[in-house]
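Visitor: Data file input03.cif (mmCIF, C-alpha atoms) is appended below.
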data_work
loop_
_atom_site.label_atom_id
_atom_site.label_comp_id
_atom_site.auth_asym_id
_atom_site.auth_seq_id
_atom_site.Cartn_x
_atom_site.Cartn_y
_atom_site.Cartn_z
CA MET X 1 77.67 86.03 131.70
CA ARG X 2 80.27 85.11 129.13
CA ALA X 3 79.06 84.31 125.65
CA ALA X 4 80.92 83.05 122.65
CA ALA X 5 81.35 85.56 119.85
CA SER X 6 78.86 85.14 117.06
CA PHE X 7 80.26 82.68 114.56
CA ASP X 8 78.96 81.05 111.43
CA GLY X 9 80.94 77.86 111.86
CA SER X 10 82.13 77.61 108.27
CA GLY X 11 85.73 78.74 108.74
CA GLY X 12 88.74 76.81 109.92
CA PHE X 13 88.22 78.02 113.46
CA ALA X 14 85.70 76.44 115.77
CA ALA X 15 83.53 78.89 117.72
CA THR X 16 85.09 77.69 120.95
CA GLU X 17 88.54 78.23 119.50
CA LEU X 18 87.65 81.79 118.57
CA ASN X 19 86.18 82.31 121.98
CA ALA X 20 89.47 81.16 123.51
CA ALA X 21 91.42 83.43 121.16
CA LEU X 22 89.40 86.38 122.46
CA GLU X 23 90.51 85.73 126.06
CA PRO X 24 93.42 88.22 126.00
CA ALA X 25 91.00 90.95 124.85
CA ARG X 26 88.59 89.90 127.60
CA VAL X 27 91.38 90.20 130.18
CA MET X 28 92.32 93.62 128.78
CA PHE X 29 88.68 94.73 129.02
CA ARG X 30 88.56 93.68 132.68
CA GLU X 31 91.89 95.35 133.44
CA LEU X 32 90.57 98.62 132.06
CA LEU X 33 87.43 98.55 134.20
CA ILE X 34 88.87 100.41 137.21
CA GLU X 35 90.58 103.01 135.03
CA ARG X 36 87.38 103.61 133.10
CA ILE X 37 85.18 103.77 136.20
CA MET X 38 87.49 106.40 137.65
CA ALA X 39 87.53 108.35 134.40
CA PHE X 40 83.72 108.26 134.19
CA GLU X 41 83.42 109.55 137.75
CA ALA X 42 86.00 112.28 137.22
CA TYR X 43 84.32 113.55 134.06
CA ARG X 44 80.91 113.34 135.71
CA ARG X 45 82.13 115.55 138.57
CA LEU X 46 83.61 118.03 136.12
CA ALA X 47 80.42 118.04 134.06
CA GLU X 48 78.30 118.72 137.14
CA GLN X 49 80.51 121.69 138.01
CA SER X 50 80.51 123.13 134.51
CA GLU X 51 77.93 125.40 132.95
CA HIS X 52 78.88 124.08 129.51
CA PRO X 53 79.79 120.44 129.99
CA GLN X 54 80.15 119.55 126.30
CA VAL X 55 83.81 118.59 126.54
CA GLU X 56 83.30 116.36 129.59
CA MET X 57 80.27 114.70 128.03
CA VAL X 58 82.16 113.97 124.83
CA ARG X 59 84.89 112.33 126.93
CA ILE X 60 82.26 110.21 128.69
CA ALA X 61 80.77 109.28 125.30
CA ASP X 62 84.24 108.31 124.00
CA ILE X 63 84.77 105.83 126.84
CA ALA X 64 81.22 104.50 126.53
CA HIS X 65 81.78 104.14 122.78
CA LYS X 66 84.76 101.86 123.38
CA ILE X 67 82.89 99.69 125.87
CA ALA X 68 79.91 99.46 123.50
CA GLY X 69 82.20 98.45 120.64
CA VAL X 70 83.44 95.26 122.27
CA GLY X 71 81.22 94.49 125.27
CA GLY X 72 78.80 92.22 123.44
CA THR X 73 81.51 90.35 121.56
CA LEU X 74 83.50 89.66 124.71
CA GLY X 75 80.51 88.38 126.66
CA PHE X 76 79.77 91.55 128.62
CA ALA X 77 76.49 92.14 126.85
CA LYS X 78 74.77 94.20 129.55
CA ALA X 79 77.72 96.58 129.95
CA GLY X 80 77.97 96.86 126.15
CA ALA X 81 74.27 97.68 125.77
CA LEU X 82 74.25 100.22 128.61
CA ALA X 83 77.38 101.86 127.20
CA GLY X 84 75.74 102.01 123.75
CA ASP X 85 72.66 103.71 125.26
CA LEU X 86 74.86 106.21 127.08
CA ASP X 87 76.93 106.93 123.97
CA ARG X 88 73.76 107.49 121.94
CA SER X 89 72.16 109.69 124.60
CA ILE X 90 75.14 112.02 124.39
CA THR X 91 76.25 111.92 120.76
CA GLU X 92 72.79 112.05 119.23
CA ASN X 93 71.69 115.04 121.32
CA PRO X 94 74.63 117.44 121.46
CA ALA X 95 72.35 120.47 121.23
CA LYS X 96 70.44 119.39 124.32
CA PHE X 97 73.42 119.89 126.63
CA ALA X 98 72.35 123.48 126.92
CA GLU X 99 68.91 122.48 128.21
CA SER X 100 68.59 122.77 131.92
CA GLY X 101 68.76 119.40 133.65
CA TYR X 102 69.31 117.31 130.49
CA LEU X 103 72.46 115.83 131.89
CA GLN X 104 70.85 114.80 135.15
CA ARG X 105 67.62 113.68 133.52
CA VAL X 106 68.92 111.55 130.64
CA ALA X 107 72.64 110.82 130.60
CA ASP X 108 73.35 110.54 134.30
CA PRO X 109 70.93 107.65 135.06
CA LEU X 110 72.45 105.72 132.14
CA LEU X 111 75.96 106.43 133.37
CA GLU X 112 74.98 105.36 136.87
CA ALA X 113 73.53 102.07 135.58
CA LEU X 114 76.69 101.44 133.57
CA LEU X 115 78.90 102.15 136.57
CA VAL X 116 76.89 99.68 138.67
CA GLU X 117 77.30 97.03 135.98
CA MET X 118 81.04 97.70 135.63
CA GLU X 119 81.48 97.44 139.40
CA ALA X 120 79.60 94.15 139.35
CA LEU X 121 82.02 92.86 136.71
CA LEU X 122 84.91 93.80 138.99
CA ASP X 123 83.43 91.50 141.62
CA ASP X 124 83.06 88.53 139.23
CA MET L 1 95.62 89.21 102.25
CA LYS L 2 97.77 91.99 103.69
CA ILE L 3 95.56 94.13 105.94
CA LEU L 4 96.14 97.34 107.89
CA ALA L 5 93.71 97.74 110.81
CA VAL L 6 93.52 101.17 112.43
CA ASP L 7 91.67 101.70 115.70
CA ASP L 8 92.56 103.68 118.82
CA ASP L 9 90.99 101.01 121.05
CA GLU L 10 93.50 98.28 121.88
CA VAL L 11 90.70 96.03 123.14
CA PHE L 12 88.86 96.27 119.83
CA LEU L 13 92.04 95.36 117.97
CA GLY L 14 92.32 92.44 120.40
CA VAL L 15 88.91 91.31 119.16
CA LEU L 16 89.48 92.07 115.49
CA LEU L 17 92.75 90.19 115.05
CA PRO L 18 91.63 86.76 116.29
CA THR L 19 88.34 87.20 114.42
CA LEU L 20 90.22 87.87 111.17
CA ASP L 21 92.43 84.86 111.96
CA SER L 22 89.32 82.73 112.25
CA LEU L 23 88.37 83.68 108.67
CA GLY L 24 91.61 82.70 106.98
CA LYS L 25 95.30 83.47 106.74
CA HIS L 26 95.78 87.19 106.75
CA ASP L 27 98.87 89.27 107.40
CA VAL L 28 97.48 91.98 109.69
CA THR L 29 99.34 95.11 110.80
CA THR L 30 97.74 97.36 113.41
CA ALA L 31 97.95 101.08 114.11
CA HIS L 32 96.33 103.05 116.92
CA SER L 33 95.97 106.42 115.21
CA GLY L 34 95.93 108.09 111.82
CA PRO L 35 99.52 109.39 112.08
CA GLU L 36 100.79 105.96 113.18
CA ALA L 37 98.94 104.40 110.23
CA LEU L 38 100.58 106.84 107.82
CA ILE L 39 104.01 105.95 109.21
CA LYS L 40 103.32 102.24 108.83
CA LEU L 41 102.02 102.76 105.31
CA GLY L 42 105.28 104.50 104.49
CA LEU L 43 107.42 101.79 106.04
CA THR L 44 105.82 98.80 104.41
CA GLY L 45 107.52 97.33 101.38
CA GLU L 46 104.53 95.74 99.72
CA ALA L 47 101.32 97.78 99.72
CA PHE L 48 98.38 96.67 101.86
CA ASP L 49 95.54 94.89 100.05
CA CYS L 50 92.85 96.15 102.38
CA ILE L 51 92.50 98.81 105.06
CA LEU L 52 90.12 98.68 108.00
CA LEU L 53 89.59 102.11 109.57
CA ASP L 54 87.81 103.11 112.74
CA ILE L 55 85.82 106.25 111.97
CA GLN L 56 85.86 107.84 115.40
CA MET L 57 89.45 108.32 116.46
CA PRO L 58 90.83 111.31 118.36
CA GLY L 59 93.02 113.65 116.32
CA MET L 60 92.92 112.43 112.75
CA SER L 61 89.56 110.74 112.21
CA GLY L 62 89.09 107.68 110.04
CA VAL L 63 87.35 109.81 107.41
CA GLU L 64 90.31 112.18 107.24
CA LEU L 65 92.72 109.26 107.01
CA CYS L 66 90.59 107.74 104.24
CA LYS L 67 90.89 110.99 102.27
CA ARG L 68 94.66 111.00 102.77
CA LEU L 69 94.89 107.41 101.57
CA ARG L 70 92.86 108.13 98.45
CA SER L 71 95.23 110.94 97.58
CA MET L 72 98.11 108.43 97.45
CA ASP L 73 98.51 106.73 94.09
CA VAL L 74 99.16 103.32 95.60
CA TYR L 75 95.97 103.40 97.74
CA ARG L 76 93.69 105.14 95.24
CA ARG L 77 91.70 101.94 94.70
CA THR L 78 92.54 99.79 97.70
CA PRO L 79 89.38 98.57 99.41
CA ILE L 80 88.84 100.64 102.56
CA VAL L 81 86.29 99.32 105.02
CA MET L 82 85.23 101.75 107.73
CA ILE L 83 84.45 100.48 111.20
CA THR L 84 81.80 102.29 113.17
CA ALA L 85 79.45 101.85 116.09
CA MET L 86 75.75 102.21 115.33
CA THR L 87 75.97 105.67 116.86
CA GLY L 88 78.56 106.65 114.28
CA LYS L 89 76.32 106.07 111.27
CA ARG L 90 76.01 109.80 110.76
CA PHE L 91 79.67 109.80 109.75
CA ILE L 92 79.15 107.19 107.06
CA ASP L 93 78.08 109.70 104.40
CA ASP L 94 81.36 111.53 104.87
CA ALA L 95 83.25 108.23 104.77
CA PHE L 96 81.76 107.21 101.42
CA SER L 97 82.39 110.70 100.04
CA ALA L 98 86.00 110.36 101.20
CA GLY L 99 86.30 107.17 99.14
CA ALA L 100 85.39 104.35 101.54
CA THR L 101 84.38 101.11 99.87
CA ASP L 102 82.17 99.74 102.63
CA TYR L 103 81.61 99.74 106.37
CA ILE L 104 81.08 97.33 109.23
CA THR L 105 79.53 98.04 112.58
CA LYS L 106 80.71 97.45 116.12
CA PRO L 107 80.17 95.22 118.04
CA LEU L 108 81.88 93.03 115.51
CA ASP L 109 79.86 90.19 114.05
CA VAL L 110 81.85 87.34 112.52
CA VAL L 111 79.29 86.69 109.79
CA GLU L 112 79.28 90.38 108.79
CA LEU L 113 83.08 90.56 108.84
CA LYS L 114 83.31 87.40 106.76
CA ALA L 115 80.94 88.89 104.16
CA ARG L 116 82.96 92.12 104.01
CA ILE L 117 86.30 90.32 103.71
CA GLY L 118 84.77 88.13 100.96
CA MET L 119 83.66 91.29 99.15
CA VAL L 120 87.16 92.75 99.49
CA GLU L 121 88.71 89.59 98.02
CA ARG L 122 86.34 89.74 95.03
CA LEU L 123 87.15 93.40 94.58
CA LEU L 124 90.88 92.69 94.70
CA ASN L 125 90.51 90.17 91.90
CA GLU L 126 88.74 92.79 89.81
CA ARG L 127 91.45 95.28 90.73
CA ARG L 128 94.17 92.97 89.42
CA VAL L 129 92.46 92.96 86.03
CA SER L 130 92.04 96.71 86.16
CA SER L 131 95.64 97.33 87.21
CA ALA L 132 96.91 95.22 84.35
CA LEU L 133 94.68 97.31 82.12
CA GLU L 134 96.06 100.56 83.45
CA ARG L 135 99.67 99.42 83.16
CA LYS L 136 99.08 98.58 79.54
CA PHE L 137 97.52 101.99 78.96
CA ASP L 138 100.46 103.66 80.66
CA GLN L 139 102.79 101.94 78.23
CA ARG L 140 100.87 103.66 75.43
CA SER L 141 101.35 100.67 73.23
CA ASP L 142 99.44 100.60 69.98
CA VAL L 143 98.89 96.89 70.34
CA ILE L 144 97.14 96.34 73.62
CA SER L 145 95.73 92.96 74.46
CA ILE L 146 93.26 93.29 77.30
CA GLU L 147 89.99 91.64 78.10
CA VAL L 148 86.96 93.56 79.25
CA ASP L 149 83.53 92.22 80.06
CA PHE L 150 81.03 94.59 78.41
CA ASP L 151 78.34 94.22 81.06
CA LYS L 152 80.58 94.44 84.08
CA SER L 153 81.55 97.47 86.08
CA PHE L 154 85.29 98.13 86.32
CA PRO L 155 87.37 101.10 87.40
CA ILE L 156 88.08 103.30 84.38
CA PRO L 157 91.74 104.36 84.24
CA GLY L 158 92.08 108.05 85.14
CA PHE L 159 88.46 108.42 86.32
CA ASP L 160 89.42 109.66 89.79
CA ARG L 161 86.04 111.24 90.44
CA GLY L 162 84.38 107.84 90.11
CA VAL L 163 83.81 105.45 93.00
CA ASP L 164 83.32 101.71 92.83
CA TYR L 165 79.85 100.67 91.77
CA LEU L 166 79.91 98.39 94.79
CA ALA L 167 80.67 101.35 97.07
CA LEU L 168 77.67 103.18 95.60
CA GLU L 169 75.46 100.17 96.33
CA ASN L 170 76.86 99.92 99.85
CA TYR L 171 76.17 103.61 100.36
CA LEU L 172 72.52 103.18 99.36
CA LEU L 173 72.14 100.15 101.58
CA MET L 174 73.49 102.19 104.47
CA LEU L 175 71.01 105.05 103.96
CA GLY L 176 68.06 103.02 105.22
CA ASN L 177 64.53 103.42 103.95
CA LYS L 178 63.80 106.89 105.29
CA ARG L 179 66.77 108.66 103.74
CA MET L 180 66.71 106.53 100.64
CA TYR L 181 63.30 107.89 99.71
CA SER L 182 64.73 111.41 99.52
CA THR L 183 67.91 110.46 97.66
CA PRO L 184 67.74 110.87 93.88
CA ALA L 185 69.81 109.02 91.31
CA LEU L 186 70.51 109.75 87.68
CA GLY L 187 71.84 107.60 84.86
CA ILE L 188 74.22 108.57 82.09
CA SER L 189 74.24 106.18 79.17
CA VAL L 190 76.56 105.89 76.20
CA GLN L 191 73.99 104.81 73.65
CA ASN L 192 76.46 103.42 71.15
CA ALA L 193 78.72 101.70 73.73
CA GLY L 194 77.85 98.30 72.22
CA LEU L 195 79.03 99.46 68.83
CA PHE L 196 82.39 100.53 70.26
CA PHE L 197 82.71 97.20 72.05
CA ARG L 198 82.02 95.28 68.84
CA LYS L 199 83.90 97.43 66.37
CA THR L 200 87.02 98.41 68.31
CA SER L 201 89.47 96.61 70.55
CA ALA L 202 88.87 96.36 74.28
CA ALA L 203 91.44 99.14 74.64
CA GLY L 204 89.42 101.30 72.24
CA PHE L 205 86.29 100.63 74.29
CA VAL L 206 88.03 101.57 77.55
CA ASN L 207 89.53 104.65 75.89
CA MET L 208 86.08 105.76 74.80
CA LEU L 209 84.76 105.29 78.37
CA GLY L 210 87.75 107.30 79.62
CA ASP L 211 86.81 110.17 77.27
CA VAL L 212 83.19 110.09 78.45
CA ALA L 213 84.33 109.90 82.09
CA SER L 214 86.58 112.91 81.52
CA ALA L 215 83.67 114.88 80.01
CA ILE L 216 81.44 113.86 82.95
CA THR L 217 84.13 114.90 85.45
CA ASP L 218 84.34 118.35 83.86
CA ALA L 219 80.56 118.67 83.76
CA VAL L 220 79.94 117.74 87.40
CA LYS L 221 83.06 119.22 89.00
CA SER L 222 81.16 121.61 91.27
CA GLU L 223 78.36 119.15 92.08
CA GLN L 224 78.02 117.17 95.30
CA LEU L 225 77.41 113.67 94.02
CA MET L 226 78.78 110.15 93.93
CA ILE L 227 79.28 108.60 90.53
CA ALA L 228 80.26 105.13 89.38
CA TYR L 229 80.64 103.21 86.14
CA ALA L 230 77.90 100.59 86.13
CA GLY L 231 79.00 98.54 83.12
CA ALA L 232 77.59 98.29 79.56
CA GLY L 233 78.49 101.93 78.85
CA ASN L 234 76.39 103.28 81.69
CA PHE L 235 77.32 105.60 84.53
CA VAL L 236 75.12 106.28 87.52
CA CYS L 237 75.12 109.11 90.06
CA VAL L 238 73.63 109.42 93.52
CA LEU L 239 72.82 113.01 94.42
CA PRO L 240 71.97 114.96 97.57
CA ALA L 241 68.32 115.23 98.63
CA HIS L 242 67.85 118.60 96.94
CA PRO L 243 70.01 118.46 93.85
CA THR L 244 70.91 121.58 91.91
CA ILE L 245 71.74 119.58 88.82
CA ASP L 246 69.60 119.81 85.69
CA PRO L 247 69.82 116.62 83.61
CA ALA L 248 69.38 118.46 80.29
CA ASP L 249 72.17 120.95 81.12
CA LEU L 250 74.36 118.13 82.30
CA GLU L 251 73.82 116.23 79.06
CA LEU L 252 74.69 119.33 77.03
CA SER L 253 77.90 119.88 79.04
CA ILE L 254 78.96 116.25 78.65
CA CYS L 255 78.27 116.27 74.93
CA GLU L 256 80.27 119.49 74.52
CA GLY L 257 83.12 117.91 76.45
CA ILE L 258 83.08 114.85 74.22
CA GLU L 259 83.24 117.02 71.12
CA ASP L 260 86.73 118.04 72.24
CA PHE L 261 87.78 114.54 71.25
CA ALA L 262 86.05 114.69 67.86
CA SER L 263 89.25 114.80 65.81
CA PHE L 264 90.58 111.62 67.45
CA TYR L 265 87.37 109.75 66.69
CA ALA L 266 87.27 111.08 63.13
CA GLY L 267 90.89 109.97 62.69
CA ASP L 268 89.97 106.49 63.83
CA ARG L 269 86.82 106.55 61.69
CA LEU L 270 84.68 106.08 64.72
CA PRO L 271 81.48 107.84 65.70
CA LEU L 272 81.46 110.09 68.74
CA PRO L 273 80.02 108.47 71.85
CA HIS L 274 76.29 109.33 72.02
CA VAL L 275 75.55 110.24 75.62
CA ASN L 276 72.09 110.45 77.15
CA VAL L 277 71.39 111.68 80.64
CA GLY L 278 68.25 110.27 82.19
CA PRO L 279 65.82 112.07 84.48
CA LEU L 280 66.24 112.25 88.23
CA VAL L 281 64.86 109.10 89.82
CA ARG L 282 63.64 108.66 93.35
CA THR L 283 62.54 105.57 95.16
CA SER L 284 58.81 105.39 95.68
CA PHE L 285 56.96 103.66 98.48
CA PHE L 286 55.11 101.58 95.92
CA GLY L 287 57.81 100.90 93.41
CA LEU L 288 61.39 100.12 94.22
CA PHE L 289 61.88 98.06 97.33
CA ASN L 290 65.48 97.03 96.87
CA PRO L 291 67.71 99.98 97.81
CA THR L 292 69.99 99.39 94.88
CA SER L 293 67.20 99.00 92.33
CA ILE L 294 67.11 102.80 92.07
CA LEU L 295 70.48 102.53 90.31
CA ASP L 296 69.14 100.03 87.77
CA HIS L 297 66.07 102.21 87.25
CA ALA L 298 68.16 105.36 86.69
CA VAL L 299 70.31 103.52 84.13
CA ALA L 300 67.27 102.03 82.39
CA LEU L 301 65.69 105.48 81.98
CA ALA L 302 68.93 106.94 80.62
CA GLN L 303 69.15 104.10 78.12
CA ALA L 304 65.53 104.50 77.09
CA ARG L 305 65.66 108.21 76.25
CA PRO L 306 65.75 109.20 72.59
CA VAL L 307 69.22 109.93 71.31
CA ALA L 308 70.27 113.50 72.10
CA LYS L 309 71.52 114.11 68.58
CA ALA L 310 68.23 115.35 67.12
CA ARG L 311 67.32 117.53 70.08
CA ARG L 312 70.70 119.14 70.47
CA GLY L 313 71.87 119.25 66.91
CA TRP L 314 74.83 117.30 68.25
CA ALA L 315 76.91 115.83 65.47
CA ALA L 316 77.87 112.22 65.53
CA ALA L 317 80.39 110.96 63.08
#
Would it be possible to restate this file's structure as structure tokens?
Guide:
Amino acid sequence: MRAAASFDGSGGFAATELNAALEPARVMFRELLIERIMAFEAYRRLAEQSEHPQVEMVRIADIAHKIAGVGGTLGFAKAGALAGDLDRSITENPAKFAESGYLQRVADPLLEALLVEMEALLDD
Amino acid sequence: MKILAVDDDEVFLGVLLPTLDSLGKHDVTTAHSGPEALIKLGLTGEAFDCILLDIQMPGMSGVELCKRLRSMDVYRRTPIVMITAMTGKRFIDDAFSAGATDYITKPLDVVELKARIGMVERLLNERRVSSALERKFDQRSDVISIEVDFDKSFPIPGFDRGVDYLALENYLLMLGNKRMYSTPALGISVQNAGLFFRKTSAAGFVNMLGDVASAITDAVKSEQLMIAYAGAGNFVCVLPAHPTIDPADLELSICEGIEDFASFYAGDRLPLPHVNVGPLVRTSFFGLFNPTSILDHAVALAQARPVAKARRGWAAA
């Protein structure tokens, strides 16, 4: 599961040393998992209840954006990739929110897959 | 190097800091928002050498912060590297227009970060030369001893509309093939720049470029474009996909602007700078494969055009 950050090996740091230096960030990422899962679920509920869920979807995209930004580097590649897909599905199609069922059809399955992966990380 | 890193994600900062550490000794200050960054910029004694800005932050975005920084004298030329996820690439245009020097993408890649930091260090060295140049110009001394490399790009003192040539290249590299094919460029060449370089001091050469830059600034003030000094007396612009600019009109406006300085040149027994504006250049599927070669091509065409003097009845001393 955990992978060393990409490293060219020419600096003073060894790749393993950098990997060790990233441990506090990795711990922080794990500590935020529950908070982020709960936020995702809360915004999803609000989005499902709203006729115009733009605000809730942007919030979901913001959280996904943060996970995507560090997941791969910290060794949580699958969560990072799923979060990137979710972020893209929302931010690259803002006009489609108005389309009936877009949320359920496109973004929700991605969010569900990400939530499953995040819950699996909680169990690690 | 003294770096300010601004990102609202604490975890990302937790990745960035050790990664920067792995690349060398840097003094890194962090901020979690635009307003916090502005406070820290105000509190610091010595200015930061480089600023890393997340584009997508709540409240004040990285692009907005970049604009604010560029409006401060001390950060007018400081390398600003934007940080964005792949999904944020649509914001990059705005970032370059706001004065960003370059960008890196999340997730962070050490090799990419190392390349960007290396670029910033090279740029800082060039800046030191340029700052020394500007200080000497500010002193308005008649005897100015500066060194300028004719062929190299450097920031022209007072040319606030101009961006770094490197930033222009980075912008083109970011566009990707599809958008690059619809993005035109245009060169502006001072035909007798070599003569100025040979016959006057380096200060005289830079002064002449400053006059041309001032005339260009006046001529393009309402145009949406990015412009940089490319070295050897050449300027190059990157324009929007459907430009409203007419190269012939632009050349006329620049030449008229330069004529305002005619008495100074006559007093120094120097000719007026002869400016040619080249045609609009676009990348073709069969021609220019390197994204930045469009800049070289635009400059080459501007250099190759016959001198405007005959066509315009424009008087050169």
Visitor: When you get a sec, could you note down which chain L residues fall within 10 Å of chain X, using only C-alpha atoms, as a ChimeraX atom specification?
Guide: /L:8-25,56-58,83-88,90,105-112,114
Visitor: May I ask for the distance between CA of Ile3 (chain L) and CA of His26 (chain L), given in Å to one decimal place?
Guide: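 For CA of Ile3 (chain L) relative to CA of His26 (chain L), the distance reads 7.0 Å.
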Visitor: Do you know which residues the PyMOL selection byres ((chain L and resi 49) around 10) returns on this file, as a list of chain:residue names?
Guide: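 On the file shown, the PyMOL selection byres ((chain L and resi 49) around 10) covers L:Met1, L:Lys2, L:Ile3, L:Leu4, L:Asp27, L:Glu46, L:Ala47, L:Phe48, L:Cys50, L:Ile51, L:Tyr75, L:Arg77, L:Thr78, L:Pro79, L:Ile80, L:Val120, L:Glu121, L:Leu124.
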Visitor: The PyMOL selection byres ((chain L and resi 160) around 12) - which residues does that actually catch in the file I just gave you? List them as a PDB file with C-alpha atoms, in the coordinates of the input.
Guide:
ATOM      1  CA  ARG L  70      92.860 108.130  98.450  1.00  0.00           C
ATOM      2  CA  SER L  71      95.230 110.940  97.580  1.00  0.00           C
ATOM      3  CA  MET L  72      98.110 108.430  97.450  1.00  0.00           C
ATOM      4  CA  ASP L  73      98.510 106.730  94.090  1.00  0.00           C
ATOM      5  CA  ARG L  76      93.690 105.140  95.240  1.00  0.00           C
ATOM      6  CA  ARG L  77      91.700 101.940  94.700  1.00  0.00           C
ATOM      7  CA  ALA L  98      86.000 110.360 101.200  1.00  0.00           C
ATOM      8  CA  GLY L  99      86.300 107.170  99.140  1.00  0.00           C
ATOM      9  CA  PRO L 155      87.370 101.100  87.400  1.00  0.00           C
ATOM     10  CA  ILE L 156      88.080 103.300  84.380  1.00  0.00           C
ATOM     11  CA  PRO L 157      91.740 104.360  84.240  1.00  0.00           C
ATOM     12  CA  GLY L 158      92.080 108.050  85.140  1.00  0.00           C
ATOM     13  CA  PHE L 159      88.460 108.420  86.320  1.00  0.00           C
ATOM     14  CA  ARG L 161      86.040 111.240  90.440  1.00  0.00           C
ATOM     15  CA  GLY L 162      84.380 107.840  90.110  1.00  0.00           C
ATOM     16  CA  VAL L 163      83.810 105.450  93.000  1.00  0.00           C
ATOM     17  CA  ASP L 164      83.320 101.710  92.830  1.00  0.00           C
ATOM     18  CA  GLY L 210      87.750 107.300  79.620  1.00  0.00           C
ATOM     19  CA  ALA L 213      84.330 109.900  82.090  1.00  0.00           C
ATOM     20  CA  SER L 214      86.580 112.910  81.520  1.00  0.00           C
ATOM     21  CA  ILE L 216      81.440 113.860  82.950  1.00  0.00           C
ATOM     22  CA  THR L 217      84.130 114.900  85.450  1.00  0.00           C
ATOM     23  CA  ASP L 218      84.340 118.350  83.860  1.00  0.00           C
ATOM     24  CA  LYS L 221      83.060 119.220  89.000  1.00  0.00           C
ATOM     25  CA  MET L 226      78.780 110.150  93.930  1.00  0.00           C
ATOM     26  CA  ILE L 227      79.280 108.600  90.530  1.00  0.00           C
ATOM     27  CA  ALA L 228      80.260 105.130  89.380  1.00  0.00           C
ATOM     28  CA  TYR L 229      80.640 103.210  86.140  1.00  0.00           C
TER      29      TYR L 229
END
Visitor: When you count all atoms listed in the file, which of these residues is closest to Asp102 (chain L): L:Asn170, L:Lys40, L:Glu259, L:Met119?
Guide: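 Once distances to Asp102 (chain L) are computed over all atoms listed in the file, the minimum belongs to L:Asn170.
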Visitor: Tell me, in Å to one decimal, how far CA of Asp260 (chain L) is from CA of Met208 (chain L).
Guide: 12.6 Å
Visitor: Using all atoms listed in the file, which of L:Leu168, L:Met82, L:Ala203, L:Met174 sits nearest Val238 (chain L)?
Guide: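 Looking at the shortest contact to Val238 (chain L), the residue is L:Leu168.
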Visitor: Please compute the CA of Ile60 (chain X)-CA of Ile55 (chain L) distance, one decimal, in Å.
Guide: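 One can read the CA of Ile60 (chain X) to CA of Ile55 (chain L) distance as 17.5 Å.
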Visitor: Residues within 9 Å of Ala113 (chain X), please, as a PDB file with C-alpha atoms, keeping the file's coordinate frame. Count all atoms listed in the file; anything in the same chain fewer than 5 positions from it doesn't count.
Guide:
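The result, stored in part_17.pdb:
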ATOM      1  CA  ALA X  79      77.720  96.580 129.950  1.00  0.00           C
ATOM      2  CA  LEU X  82      74.250 100.220 128.610  1.00  0.00           C
ATOM      3  CA  ASP X 108      73.350 110.540 134.300  1.00  0.00           C
ATOM      4  CA  MET X 118      81.040  97.700 135.630  1.00  0.00           C
TER       5      MET X 118
END
Visitor: Can I get a file of region 23-52 of chain L from the given structure, C-alpha atoms kept, as an mmCIF file, in the first residue's frame?
Guide:
data_model
loop_
_atom_site.group_PDB
_atom_site.id
_atom_site.type_symbol
_atom_site.label_atom_id
_atom_site.label_comp_id
_atom_site.auth_asym_id
_atom_site.auth_seq_id
_atom_site.Cartn_x
_atom_site.Cartn_y
_atom_site.Cartn_z
ATOM 1 C CA LEU L 23 16.414 19.370 -2.365
ATOM 2 C CA GLY L 24 18.671 21.625 -0.330
ATOM 3 C CA LYS L 25 18.760 24.121 2.498
ATOM 4 C CA HIS L 26 15.802 26.408 2.219
ATOM 5 C CA ASP L 27 14.235 28.717 4.758
ATOM 6 C CA VAL L 28 10.527 27.980 4.264
ATOM 7 C CA THR L 29 7.650 29.938 5.813
ATOM 8 C CA THR L 30 4.118 28.633 5.396
ATOM 9 C CA ALA L 31 0.721 30.317 5.247
ATOM 10 C CA HIS L 32 -2.707 28.706 4.956
ATOM 11 C CA SER L 33 -4.561 31.496 3.159
ATOM 12 C CA GLY L 34 -4.048 34.605 1.087
ATOM 13 C CA PRO L 35 -4.680 37.015 3.991
ATOM 14 C CA GLU L 36 -2.289 35.076 6.248
ATOM 15 C CA ALA L 37 0.327 35.194 3.478
ATOM 16 C CA LEU L 38 -0.062 38.963 3.162
ATOM 17 C CA ILE L 39 0.434 39.350 6.917
ATOM 18 C CA LYS L 40 3.565 37.206 6.834
ATOM 19 C CA LEU L 41 4.889 39.126 3.847
ATOM 20 C CA GLY L 42 4.444 42.309 5.834
ATOM 21 C CA LEU L 43 6.134 40.924 8.932
ATOM 22 C CA THR L 44 9.226 39.518 7.301
ATOM 23 C CA GLY L 45 12.378 41.588 7.452
ATOM 24 C CA GLU L 46 14.121 40.249 4.389
ATOM 25 C CA ALA L 47 11.947 39.688 1.316
ATOM 26 C CA PHE L 48 11.190 36.155 0.154
ATOM 27 C CA ASP L 49 13.200 34.887 -2.828
ATOM 28 C CA CYS L 50 10.451 32.653 -4.135
ATOM 29 C CA ILE L 51 6.733 32.174 -3.545
ATOM 30 C CA LEU L 52 4.827 28.936 -4.014
#
